[in-house]
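Shown below: start16.cif, with mmCIF, C-alpha atoms.
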data_start
loop_
_atom_site.label_atom_id
_atom_site.label_comp_id
_atom_site.auth_asym_id
_atom_site.auth_seq_id
_atom_site.Cartn_x
_atom_site.Cartn_y
_atom_site.Cartn_z
CA MET A 1 18.17 6.53 -16.46
CA PHE A 2 20.78 6.39 -13.73
CA PRO A 3 24.01 4.36 -13.53
CA SER A 4 23.26 0.86 -12.30
CA LYS A 5 25.28 1.31 -9.12
CA THR A 6 22.78 3.95 -8.01
CA LEU A 7 19.79 1.78 -8.77
CA LEU A 8 19.51 0.17 -5.39
CA PRO A 9 15.84 -0.73 -4.97
CA LEU A 10 14.69 -0.03 -1.47
CA ILE A 11 11.82 -2.46 -1.49
CA LEU A 12 11.84 -5.42 -3.85
CA ILE A 13 8.47 -7.05 -4.24
CA ALA A 14 9.07 -10.49 -5.71
CA LEU A 15 6.17 -12.01 -7.63
CA SER A 16 5.79 -15.65 -6.72
CA ALA A 17 5.50 -18.29 -9.42
CA VAL A 18 2.91 -20.08 -7.28
CA ASP A 19 -0.77 -19.32 -7.72
CA ALA A 20 -2.54 -18.13 -4.58
CA SER A 21 -5.74 -19.77 -5.86
CA PRO A 22 -4.95 -22.32 -8.59
CA LEU A 23 -7.42 -22.11 -11.44
CA SER A 24 -7.64 -24.12 -14.62
CA ARG A 25 -6.53 -22.54 -17.86
CA GLY A 26 -9.38 -20.54 -19.34
CA SER A 27 -11.31 -20.39 -16.05
CA GLY A 28 -11.50 -16.61 -16.09
CA LYS A 29 -8.84 -15.20 -13.78
CA THR A 30 -5.73 -16.17 -11.89
CA THR A 31 -4.29 -14.52 -8.82
CA LEU A 32 -0.59 -14.60 -8.05
CA SER A 33 1.04 -13.55 -4.79
CA PHE A 34 4.15 -11.46 -4.27
CA ALA A 35 6.18 -10.75 -1.15
CA THR A 36 7.92 -7.58 -0.01
CA GLU A 37 11.60 -7.74 0.81
CA ILE A 38 13.94 -5.07 2.15
CA ASN A 39 17.11 -4.68 0.16
CA GLY A 40 19.85 -3.40 2.46
CA ARG A 41 22.51 -2.83 -0.20
CA GLY A 42 22.40 0.93 0.01
CA THR A 43 20.33 4.09 -0.08
CA LEU A 44 18.83 6.19 -2.83
CA ASN A 45 17.04 9.48 -3.28
CA ILE A 46 13.60 8.26 -4.23
CA VAL A 47 12.37 11.78 -4.96
CA GLU A 48 14.96 12.32 -7.69
CA LYS A 49 14.23 8.94 -9.21
CA ASP A 50 10.45 9.40 -9.19
CA ARG A 51 10.80 12.89 -10.67
CA ALA A 52 13.08 11.59 -13.42
CA ARG A 53 10.49 8.98 -14.32
CA ALA A 54 7.78 11.62 -14.58
CA GLN A 55 9.90 13.86 -16.80
CA ALA A 56 10.79 10.94 -19.09
CA MET A 57 7.09 10.17 -19.54
CA LYS A 58 6.30 13.77 -20.41
CA GLN A 59 9.24 14.06 -22.78
CA ALA A 60 8.27 10.90 -24.66
CA ALA A 61 4.78 12.26 -25.26
CA HIS A 62 6.01 15.68 -26.37
CA LEU A 63 8.35 14.04 -28.87
CA GLY A 64 5.40 12.19 -30.34
CA LYS A 65 6.69 8.85 -29.05
CA ARG A 66 4.94 6.51 -26.68
CA SER A 67 8.11 4.98 -25.33
CA PRO A 68 7.54 3.78 -21.78
CA SER A 69 9.60 4.69 -18.75
CA LEU A 70 11.02 1.94 -16.59
CA PRO A 71 10.39 1.70 -12.88
CA ILE A 72 14.06 0.91 -12.27
CA THR A 73 15.08 4.33 -13.53
CA ASN A 74 13.60 6.18 -10.65
CA SER A 75 11.62 4.03 -8.29
CA GLY A 76 12.52 2.94 -4.81
CA VAL A 77 9.75 0.36 -4.90
CA THR A 78 9.72 -2.32 -7.58
CA TYR A 79 8.43 -5.84 -7.91
CA THR A 80 9.81 -8.63 -10.04
CA ALA A 81 8.54 -11.84 -11.55
CA GLU A 82 10.37 -15.04 -12.29
CA VAL A 83 9.09 -15.54 -15.83
CA GLY A 84 9.68 -18.66 -17.88
CA VAL A 85 10.53 -18.22 -21.57
CA GLY A 86 10.80 -21.07 -24.08
CA ASN A 87 10.01 -24.78 -24.01
CA PRO A 88 11.21 -26.11 -21.68
CA PRO A 89 11.01 -22.73 -19.90
CA ILE A 90 14.12 -20.90 -18.82
CA SER A 91 13.59 -18.54 -15.89
CA TYR A 92 14.26 -14.79 -16.24
CA LYS A 93 13.87 -12.15 -13.55
CA LEU A 94 11.72 -9.33 -14.95
CA LEU A 95 10.47 -6.07 -13.52
CA VAL A 96 6.66 -5.80 -13.63
CA ASP A 97 5.49 -2.35 -14.69
CA THR A 98 2.10 -0.78 -15.45
CA GLY A 99 3.93 2.18 -17.02
CA SER A 100 5.42 0.22 -19.92
CA ALA A 101 4.12 -2.37 -22.37
CA ASN A 102 7.08 -4.05 -24.11
CA THR A 103 8.22 -7.35 -22.63
CA TRP A 104 11.89 -8.05 -23.16
CA ILE A 105 14.82 -10.02 -21.77
CA GLY A 106 18.59 -10.31 -22.11
CA ALA A 107 19.86 -7.44 -19.97
CA TYR A 108 21.64 -9.76 -17.50
CA GLN A 109 21.07 -13.39 -18.41
CA LEU A 110 21.44 -13.97 -22.13
CA TYR A 111 18.46 -15.29 -24.05
CA THR A 112 18.62 -18.99 -24.93
CA PRO A 113 16.31 -20.00 -27.81
CA THR A 114 14.47 -23.31 -27.43
CA SER A 115 12.30 -25.45 -29.69
CA ASN A 116 9.43 -22.91 -29.67
CA SER A 117 11.56 -19.83 -30.32
CA GLY A 118 11.40 -17.88 -33.56
CA ASP A 119 13.19 -14.74 -34.70
CA THR A 120 10.75 -12.34 -36.38
CA GLY A 121 13.54 -10.51 -38.19
CA ASN A 122 12.26 -7.21 -36.81
CA ASN A 123 14.37 -4.83 -34.78
CA VAL A 124 13.25 -3.47 -31.42
CA SER A 125 14.48 -0.28 -29.81
CA VAL A 126 13.06 1.51 -26.78
CA SER A 127 14.42 4.68 -25.21
CA TYR A 128 13.77 5.36 -21.54
CA GLY A 129 14.90 8.96 -21.17
CA SER A 130 18.52 8.46 -20.12
CA GLY A 131 18.80 4.78 -20.99
CA SER A 132 17.67 2.29 -23.60
CA PHE A 133 17.68 -1.23 -24.94
CA SER A 134 17.79 -2.51 -28.49
CA GLY A 135 17.89 -5.86 -30.21
CA GLU A 136 15.62 -8.22 -32.12
CA GLU A 137 12.01 -9.20 -31.61
CA TRP A 138 11.33 -12.89 -31.11
CA MET A 139 8.20 -15.03 -30.71
CA ASP A 140 8.27 -17.53 -27.87
CA THR A 141 6.26 -19.25 -25.16
CA VAL A 142 6.03 -17.16 -21.99
CA GLN A 143 5.05 -18.75 -18.69
CA LEU A 144 4.07 -16.41 -15.86
CA SER A 145 2.98 -19.40 -13.76
CA SER A 146 1.73 -22.93 -14.35
CA GLU A 147 -1.72 -21.47 -15.07
CA LEU A 148 -0.61 -18.45 -17.08
CA VAL A 149 1.07 -19.74 -20.22
CA ILE A 150 1.18 -17.59 -23.36
CA ASP A 151 1.86 -19.11 -26.78
CA GLN A 152 3.66 -17.03 -29.41
CA GLN A 153 4.28 -13.98 -27.24
CA SER A 154 6.32 -11.26 -28.94
CA ILE A 155 9.34 -10.42 -26.79
CA GLY A 156 12.35 -8.22 -27.25
CA VAL A 157 15.77 -9.82 -26.96
CA ALA A 158 18.36 -7.22 -26.04
CA SER A 159 21.70 -7.11 -27.81
CA THR A 160 22.52 -3.90 -25.96
CA SER A 161 20.97 -2.31 -22.88
CA SER A 162 21.94 0.34 -20.38
CA ASN A 163 21.22 0.99 -16.72
CA ILE A 164 18.67 -1.73 -16.05
CA GLY A 165 19.86 -2.75 -12.58
CA ASP A 166 21.71 -5.53 -10.80
CA GLN A 167 20.81 -9.01 -12.02
CA ILE A 168 17.61 -7.85 -13.70
CA ASP A 169 16.97 -9.60 -17.01
CA GLY A 170 14.38 -7.23 -18.48
CA ILE A 171 10.84 -5.95 -18.22
CA LEU A 172 7.35 -7.49 -18.11
CA GLY A 173 5.25 -4.63 -19.48
CA VAL A 174 1.57 -4.60 -18.49
CA GLY A 175 0.78 -1.02 -19.49
CA PRO A 176 -1.47 0.13 -22.37
CA VAL A 177 -0.56 -1.47 -25.69
CA ASP A 178 -0.17 1.92 -27.42
CA LEU A 179 3.05 2.37 -25.45
CA THR A 180 4.60 -0.09 -27.92
CA ILE A 181 3.92 2.10 -30.98
CA GLY A 182 7.13 2.76 -32.89
CA THR A 183 9.25 0.37 -30.83
CA VAL A 184 9.39 -2.59 -33.27
CA SER A 185 10.15 -2.32 -36.97
CA ASN A 186 7.42 -3.29 -39.46
CA THR A 187 4.98 -3.43 -36.55
CA HIS A 188 2.33 -0.96 -35.39
CA THR A 189 1.73 -2.28 -31.88
CA VAL A 190 3.00 -5.32 -29.99
CA PRO A 191 0.31 -7.25 -28.07
CA THR A 192 1.08 -7.25 -24.36
CA VAL A 193 1.05 -10.35 -22.19
CA THR A 194 -2.38 -9.31 -20.90
CA ASP A 195 -3.64 -8.88 -24.48
CA ASN A 196 -2.53 -12.38 -25.40
CA LEU A 197 -3.75 -14.03 -22.21
CA CYS A 198 -7.21 -12.75 -23.10
CA ALA A 199 -6.97 -13.51 -26.83
CA GLN A 200 -5.89 -17.10 -26.13
CA GLY A 201 -8.71 -17.67 -23.65
CA THR A 202 -6.54 -18.03 -20.57
CA ILE A 203 -8.37 -15.13 -18.94
CA SER A 204 -11.87 -13.98 -19.79
CA GLU A 205 -11.32 -10.23 -19.43
CA GLU A 206 -8.43 -7.95 -20.27
CA VAL A 207 -8.21 -6.69 -16.72
CA LEU A 208 -5.37 -6.49 -14.21
CA GLY A 209 -5.93 -6.15 -10.46
CA VAL A 210 -3.11 -4.96 -8.19
CA TYR A 211 -3.11 -5.36 -4.41
CA PHE A 212 -0.24 -3.92 -2.42
CA VAL A 213 0.28 -4.27 1.31
CA PRO A 214 2.17 -1.48 3.12
CA ALA A 215 5.84 -2.38 3.34
CA SER A 216 5.79 -1.79 7.09
CA SER A 217 3.00 -4.31 7.62
CA THR A 218 3.71 -7.62 9.34
CA LEU A 219 2.06 -9.27 6.32
CA SER A 220 4.40 -8.02 3.64
CA ASN A 221 2.74 -9.57 0.62
CA GLY A 222 0.25 -8.71 -2.05
CA MET A 223 -1.43 -10.02 -5.15
CA LEU A 224 -1.48 -9.47 -8.89
CA THR A 225 -4.62 -10.75 -10.60
CA PHE A 226 -4.85 -11.30 -14.35
CA GLY A 227 -8.36 -11.36 -15.81
CA GLY A 228 -10.20 -9.62 -13.00
CA TYR A 229 -9.77 -8.62 -9.39
CA ASP A 230 -9.60 -10.34 -6.02
CA SER A 231 -12.83 -9.61 -4.15
CA THR A 232 -11.50 -11.17 -0.94
CA VAL A 233 -9.20 -8.22 -0.21
CA ILE A 234 -11.67 -5.45 -1.07
CA THR A 235 -13.66 -3.95 1.79
CA GLY A 236 -15.80 -1.47 -0.14
CA SER A 237 -17.37 -0.98 -3.53
CA ILE A 238 -15.29 -0.61 -6.68
CA ASN A 239 -15.59 2.77 -8.36
CA TYR A 240 -14.41 3.16 -11.94
CA VAL A 241 -13.37 6.29 -13.81
CA PRO A 242 -12.76 6.61 -17.58
CA LEU A 243 -9.21 7.11 -18.78
CA THR A 244 -8.36 10.76 -19.35
CA SER A 245 -8.24 12.26 -22.85
CA THR A 246 -5.64 14.84 -21.80
CA SER A 247 -2.11 14.36 -23.12
CA PRO A 248 0.47 13.27 -22.06
CA ALA A 249 -1.38 11.47 -19.24
CA SER A 250 -3.64 9.83 -21.84
CA GLY A 251 -0.70 7.75 -23.07
CA TYR A 252 -0.52 5.87 -19.78
CA TRP A 253 -3.05 4.78 -17.14
CA GLY A 254 -4.22 8.38 -16.92
CA ILE A 255 -7.17 9.71 -14.94
CA ASP A 256 -8.70 13.07 -13.99
CA GLN A 257 -8.81 13.99 -10.31
CA SER A 258 -8.73 16.87 -7.86
CA ILE A 259 -6.90 16.96 -4.52
CA ALA A 260 -7.86 18.59 -1.23
CA TYR A 261 -5.99 18.95 2.06
CA GLY A 262 -8.06 19.36 5.19
CA GLY A 263 -11.13 19.87 3.03
CA ASN A 264 -9.59 22.73 1.02
CA THR A 265 -8.83 22.17 -2.65
CA ILE A 266 -5.14 22.47 -3.55
CA LEU A 267 -5.43 20.98 -7.05
CA SER A 268 -8.48 21.53 -9.23
CA LEU A 269 -9.69 18.78 -11.55
CA THR A 270 -6.83 17.89 -13.89
CA ALA A 271 -5.07 14.96 -15.53
CA GLY A 272 -2.35 12.70 -14.15
CA ILE A 273 -1.53 9.01 -13.94
CA VAL A 274 -1.69 5.95 -11.72
CA ASP A 275 1.67 4.19 -11.73
CA THR A 276 3.04 1.20 -9.84
CA GLY A 277 6.56 2.14 -10.93
CA THR A 278 6.53 5.42 -8.98
CA THR A 279 7.21 5.17 -5.26
CA LEU A 280 5.76 8.44 -3.98
CA ILE A 281 2.76 10.68 -4.62
CA LEU A 282 3.93 13.41 -6.97
CA MET A 283 2.15 16.75 -7.40
CA ALA A 284 2.70 19.76 -9.65
CA THR A 285 5.20 22.22 -8.17
CA ASP A 286 2.66 24.89 -7.19
CA VAL A 287 0.41 22.28 -5.58
CA PHE A 288 3.32 20.73 -3.72
CA GLN A 289 4.29 24.16 -2.41
CA GLN A 290 0.77 24.60 -1.03
CA TYR A 291 0.98 21.20 0.64
CA GLN A 292 4.38 22.03 2.10
CA SER A 293 3.10 25.32 3.50
CA LEU A 294 0.01 23.71 5.01
CA THR A 295 1.91 20.87 6.66
CA GLY A 296 4.91 22.93 7.71
CA GLY A 297 7.31 20.41 6.22
CA THR A 298 10.90 21.30 5.41
CA LEU A 299 12.96 19.66 2.68
CA ASP A 300 15.41 17.12 4.04
CA SER A 301 18.66 17.06 2.08
CA ALA A 302 19.45 13.44 2.88
CA THR A 303 16.20 11.91 1.62
CA GLY A 304 14.75 14.65 -0.59
CA LEU A 305 11.46 14.26 1.29
CA LEU A 306 9.55 16.76 3.40
CA LYS A 307 10.34 16.33 7.08
CA ILE A 308 7.98 17.22 9.93
CA ASN A 309 8.18 17.04 13.71
CA SER A 310 5.84 15.16 16.04
CA THR A 311 3.68 18.23 16.72
CA GLN A 312 3.22 18.82 13.00
CA TYR A 313 2.34 15.16 12.56
CA ASP A 314 -0.34 15.47 15.23
CA ASN A 315 -1.78 18.39 13.27
CA LEU A 316 -1.74 16.69 9.84
CA GLN A 317 -5.08 16.81 8.02
CA THR A 318 -6.62 14.29 5.66
CA LEU A 319 -5.37 14.37 2.07
CA THR A 320 -8.29 13.64 -0.25
CA PHE A 321 -8.17 12.51 -3.88
CA ASN A 322 -11.48 13.01 -5.68
CA VAL A 323 -11.74 10.69 -8.67
CA GLY A 324 -14.96 10.51 -10.65
CA GLY A 325 -16.98 11.91 -7.78
CA THR A 326 -15.59 9.46 -5.21
CA SER A 327 -13.26 10.60 -2.44
CA TYR A 328 -10.20 8.56 -1.50
CA ASP A 329 -8.72 9.73 1.78
CA LEU A 330 -5.16 9.37 2.97
CA THR A 331 -5.03 9.60 6.73
CA PRO A 332 -2.08 11.34 8.41
CA ASN A 333 -0.40 7.96 8.89
CA ALA A 334 -0.81 7.17 5.19
CA GLN A 335 1.00 10.41 4.32
CA ILE A 336 4.25 9.46 6.04
CA TRP A 337 7.07 7.16 5.04
CA PRO A 338 7.23 3.95 7.14
CA ARG A 339 9.37 4.96 10.09
CA SER A 340 10.80 1.45 10.36
CA LEU A 341 12.31 2.00 6.89
CA ASN A 342 13.75 5.48 7.45
CA THR A 343 17.37 4.38 7.42
CA ALA A 344 16.87 2.50 4.15
CA ILE A 345 16.40 5.83 2.34
CA GLY A 346 19.19 7.63 4.19
CA GLY A 347 16.95 9.10 6.90
CA THR A 348 17.23 8.96 10.67
CA ILE A 349 15.36 6.44 12.79
CA ASP A 350 13.12 8.82 14.74
CA SER A 351 12.34 11.30 11.96
CA ILE A 352 8.99 11.70 10.21
CA TYR A 353 9.02 12.06 6.42
CA LEU A 354 6.06 12.80 4.14
CA VAL A 355 5.45 10.78 0.95
CA VAL A 356 4.20 13.72 -1.15
CA ALA A 357 6.85 15.22 -3.45
CA ASP A 358 7.29 17.76 -6.24
CA ILE A 359 6.80 16.44 -9.78
CA GLY A 360 9.11 19.19 -11.07
CA THR A 361 6.75 21.19 -13.31
CA PRO A 362 3.85 23.59 -12.63
CA SER A 363 0.21 22.56 -13.00
CA GLY A 364 -1.31 22.69 -16.46
CA SER A 365 1.21 20.36 -18.10
CA GLY A 366 -1.29 17.58 -18.81
CA LEU A 367 0.36 15.35 -16.22
CA ASP A 368 -0.01 17.15 -12.90
CA PHE A 369 0.13 14.23 -10.49
CA ILE A 370 1.22 10.64 -10.15
CA ASN A 371 -0.53 8.36 -7.69
CA GLY A 372 2.32 5.99 -6.95
CA TYR A 373 2.95 3.05 -4.66
CA THR A 374 2.31 5.00 -1.46
CA PHE A 375 -1.25 5.70 -2.69
CA LEU A 376 -1.78 2.25 -4.17
CA GLU A 377 -0.80 0.43 -0.97
CA ARG A 378 -3.93 1.98 0.58
CA TYR A 379 -6.36 1.27 -2.27
CA TYR A 380 -6.85 -1.73 -4.55
CA SER A 381 -6.41 -0.71 -8.19
CA ILE A 382 -7.90 -2.26 -11.32
CA TYR A 383 -6.64 -1.60 -14.86
CA ASP A 384 -9.40 -2.37 -17.37
CA THR A 385 -8.13 -2.26 -20.94
CA ALA A 386 -11.34 -3.39 -22.66
CA ASN A 387 -13.48 -0.66 -21.10
CA GLY A 388 -10.82 2.06 -20.96
CA GLN A 389 -11.07 2.65 -17.24
CA VAL A 390 -9.31 2.44 -13.89
CA GLY A 391 -11.01 1.32 -10.69
CA PHE A 392 -10.25 1.78 -7.01
CA ALA A 393 -11.56 0.16 -3.84
CA SER A 394 -10.72 0.32 -0.17
CA THR A 395 -8.92 -2.52 1.62
CA ALA A 396 -8.09 -3.45 5.19
CA TYR A 397 -5.04 -1.17 4.89
CA THR A 398 -6.83 1.96 3.74
CA ASP A 399 -7.01 3.42 7.24
CA SER A 400 -4.33 1.33 8.95
CA SER A 401 -1.61 2.95 11.03
CA THR A 402 1.26 0.66 10.05
CA ASN A 403 3.63 3.53 9.24
#

Take the structure from the file and write it as structure tokens.
Amino acid sequence: MFPSKTLLPLILIALSAVDASPLSRGSGKTTLSFATEINGRGTLNIVEKDRARAQAMKQAAHLGKRSPSLPITNSGVTYTAEVGVGNPPISYKLLVDTGSANTWIGAYQLYTPTSNSGDTGNNVSVSYGSGSFSGEEWMDTVQLSSELVIDQQSIGVASTSSNIGDQIDGILGVGPVDLTIGTVSNTHTVPTVTDNLCAQGTISEEVLGVYFVPASSTLSNGMLTFGGYDSTVITGSINYVPLTSTSPASGYWGIDQSIAYGGNTILSLTAGIVDTGTTLILMATDVFQQYQSLTGGTLDSATGLLKINSTQYDNLQTLTFNVGGTSYDLTPNAQIWPRSLNTAIGGTIDSIYLVVADIGTPSGSGLDFINGYTFLERYYSIYDTANGQVGFASTAYTDSSTN
């Protein structure tokens, strides 16, 4: 992880505590809205941070640990939830992450036990590459909204933590439950909030739907749906693909896909992950080099991104991700960083930057790509724990030219 003074999130997506479509408890699914905000406190090299996240994930798997990697360690795009803990609930600001599964608090605001709180007596310790937190595991009531209340949720209470970020209290982990293996003493796995919402009948399916809107859009909001997906924002059919069996991608929301540029394959079918905590689209070094050569981009020292001129932009070809036999296209506009946000990452106003970056290792590692936020803002994503699959669908922003 990086020192907290360098963790200046570029885009903070705040998850609202108000339901977009109020539903009764146990009615099947609940959709929450979140809004995009621009944080003008400073700049950061999002490539370095995304690459560090990828390397931490690989290292954890190679060490035989399934410790998750936090989005704050390397992501320029994060979203947070105001989560109530206890009875009456006390509000904590937590990062929401599909790449981790432990839920914990106490990094900024200290935990205050209430009438429902109970110390399990077990220790919790999670390493995140260059940072960590440790403390005790408690059982408590967790309230994501008035309709999403979890009884007896296991949460970590940090006694020590490092490099979590300014005024961030902890993490709301919605990744695969196996990411919790080995993190809590005397415990094999720790049920996630999604696990318990389903087990307690609040939602009918252990499914999470994520809808991002491009940060440059005039409607800077999105939705997080527990227990299903929001059909009102999907414009095409949903196509599912089984989770990959290839390690280390198999420890996360991993899928198999190939990638083509202008109709020519640059990455043959291989394993990687889908990750809300990664800002960019990361590709294996040799694949990235092909993409750089084909686009004519040059590395920009200020942002770490590939930079192209207007003529090269006019000549950009479609970038296609083939997942389970279905093609997901990124138009030329979808391949560039929002120009209205150039200065927020240390770039210049009129420059054109590409959102594809080098993952830092050659292909064949078992985690050769990460489809991050800049992919997910163009396609609705569904994380289906019960059936071991990930789904994608087009939205109104799939082919938009908001960047």

Atom CA of Ala56 of chain A to atom CA of Glu136 of chain A, straight-line distance in Å: 23.7 Å

Residues matched by the PyMOL selection byres ((chain A and resi 240) around 7) as a list of chain:residue names: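 Against this file, the PyMOL selection byres ((chain A and resi 240) around 7) returns the residues A:Ile238, A:Asn239, A:Val241, A:Pro242, A:Gln389, A:Val390, A:Gly391, A:Phe392.
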
Residues matched by the PyMOL selection byres ((chain A and resi 54) around 9), written as number ranges by chain: A: 49-53, 55-59, 69, 74, 278, 282, 359-360, 367, 370

Residues matched by the PyMOL selection byres ((chain A and resi 243-250) around 10) as an NGL selection string: :A and (57-62 or 64 or 66 or 176 or 240-242 or 251-257 or 270-274 or 365-370 or 383-385 or 387-390)

Could you write out that same residue set with C-alpha atoms as a CSV table (one decimal), in the coordinates of the input?
chain,number,residue,atom,x,y,z
A,57,MET,CA,7.1,10.2,-19.5
A,58,LYS,CA,6.3,13.8,-20.4
A,59,GLN,CA,9.2,14.1,-22.8
A,60,ALA,CA,8.3,10.9,-24.7
A,61,ALA,CA,4.8,12.3,-25.3
A,62,HIS,CA,6.0,15.7,-26.4
A,64,GLY,CA,5.4,12.2,-30.3
A,66,ARG,CA,4.9,6.5,-26.7
A,176,PRO,CA,-1.5,0.1,-22.4
A,240,TYR,CA,-14.4,3.2,-11.9
A,241,VAL,CA,-13.4,6.3,-13.8
A,242,PRO,CA,-12.8,6.6,-17.6
A,251,GLY,CA,-0.7,7.8,-23.1
A,252,TYR,CA,-0.5,5.9,-19.8
A,253,TRP,CA,-3.0,4.8,-17.1
A,254,GLY,CA,-4.2,8.4,-16.9
A,255,ILE,CA,-7.2,9.7,-14.9
A,256,ASP,CA,-8.7,13.1,-14.0
A,257,GLN,CA,-8.8,14.0,-10.3
A,270,THR,CA,-6.8,17.9,-13.9
A,271,ALA,CA,-5.1,15.0,-15.5
A,272,GLY,CA,-2.4,12.7,-14.2
A,273,ILE,CA,-1.5,9.0,-13.9
A,274,VAL,CA,-1.7,6.0,-11.7
A,365,SER,CA,1.2,20.4,-18.1
A,366,GLY,CA,-1.3,17.6,-18.8
A,367,LEU,CA,0.4,15.4,-16.2
A,368,ASP,CA,0.0,17.2,-12.9
A,369,PHE,CA,0.1,14.2,-10.5
A,370,ILE,CA,1.2,10.6,-10.2
A,383,TYR,CA,-6.6,-1.6,-14.9
A,384,ASP,CA,-9.4,-2.4,-17.4
A,385,THR,CA,-8.1,-2.3,-20.9
A,387,ASN,CA,-13.5,-0.7,-21.1
A,388,GLY,CA,-10.8,2.1,-21.0
A,389,GLN,CA,-11.1,2.6,-17.2
A,390,VAL,CA,-9.3,2.4,-13.9

Two-atom distance - atom CA of Val126 of chain A, atom CA of Asn196 of chain A (Å):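 Spanning atom CA of Val126 of chain A to atom CA of Asn196 of chain A is a straight-line distance of 20.9 Å.
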
Point-to-point distance from atom CA of Asn45 of chain A to atom CA of Thr265 of chain A, Å rounded to tenths: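 One can read the atom CA of Asn45 of chain A to atom CA of Thr265 of chain A distance as 28.8 Å.
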
Given all atoms listed in the file as the counted atoms, nearest of A:Ser146, A:Thr303, A:Gln152, A:Asn123 to Thr187 of chain A: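 Using all atoms listed in the file, Thr187 of chain A sits closest to A:Asn123.
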
Among listed residues A:Gln200, A:Ser154, A:Asn403, A:Ser394, nearest Thr235 of chain A (using all atoms listed in the file):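 The answer is A:Ser394, which sits nearest to Thr235 of chain A.
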
9 Å contact set for Val356 of chain A, only C-alpha atoms, chain neighbours under 4 positions out, as a ChimeraX atom specification: /A:280-283,288,291-292,305-306,335-336,374

Best match for closeness to Ala302 of chain A among A:Leu208, A:Ile345, A:Leu319, A:Leu267, counting all atoms listed in the file: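 Of the candidates, the smallest distance to Ala302 of chain A is held by A:Ile345.
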